[in-house]
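One structure is given below, encoded as structure tokens.
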Amino acid sequence: MAGVVSAACGPTPPSGIDAGLDAGPQLPCDVGAVLRTRCQPCHGAPPTQGAPFPLLTQADFQATYFSSTVRAAALEALRTDFMPLGGPPLNAADKAVLVDWLDAGVPLGTTNCP
Ligand code: HEC
């Protein structure tokens with residue numbers, strides 16, 4: 001039967017995001033880490049310092065923003081170094097993590113993050 005949970009304490013979650021996360025589906029761990037340190041200080045819940053929206057969940061990025069989406073606006077903001085506001089700009093590795101993920105359509109992660 002579907003729904004049987006086994007080996008939940010094993011070293012590898014059996015099927016990623018369905019493996020019993022309390023907090024709901026997660027973003028990929030590397031994406032979450034960059035957002036946490038470089039974006040969520042302003043784009044948190046609730047947003048602070050004048051930031052127009054939170055950047056916490058997949059749905060936050062899929063949301064409509066003017067005639068586009070937060071996802072598209074974020075790509076533009078990263079490519080132009082408009083964000084993080086006030087700098088310093090993301091280093092190349094962190095920027096690539098976010099840009100690749102935004103380009104890929106903000107997919108959820110497949111593993112539990114530490
Ligand atoms: C220091 C606070 C701060 C940080 C850190 C920050 N933002 Fe922002 N963000 C803002 C503010 C304030 C605005 C509104 C700016 C405006 O409208 O002029 C904004 C606007 C935006 C917008 C909308 C831009 C547009 O086209 O209107 C996006 C997308 C965005 N931020 C993404 C990000 C991302 C991604 C990060 C992390 C890499 C980030 N921000 C980090 C404060 C911040």
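Lettering and numbering for the structure tokens are positional, with chains as A, B, ... in the shown order, residues counted from 1 in each chain, and ligands counted from 1 in the shown order.
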How would you write, as a VMD selection string, the set of residues no farther than 8 Å from ligand 1 when counting only C-alpha atoms and all ligand atoms?
chain A and resid 34 to 35 38 to 43 48 to 53 55 70 to 78 82 to 87 90 95 98
Select from region 29-98 of chain A everything DSSP, run on the backbone, classes as helix (DSSP H, G or I), then give the selection as a ChimeraX atom specification.
/A:29-39,58-62,70-79,92-98
Residue with smallest distance to Gly32 (chain A) - pool A:Val99, A:Ala93, A:Ala45, A:Cys113, counting only C-alpha atoms:
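Closest to Gly32 (chain A), using only C-alpha atoms: A:Cys113.
Among the candidates A:Pro28, A:Pro54, A:Pro88, A:Pro46, the residue lying nearest to Pro107 (chain A) is A:Pro28 (atoms considered: only C-alpha atoms).
A straight line drawn from CA of Thr110 (chain A) to CA of Cys29 (chain A) is 9.0 Å long.
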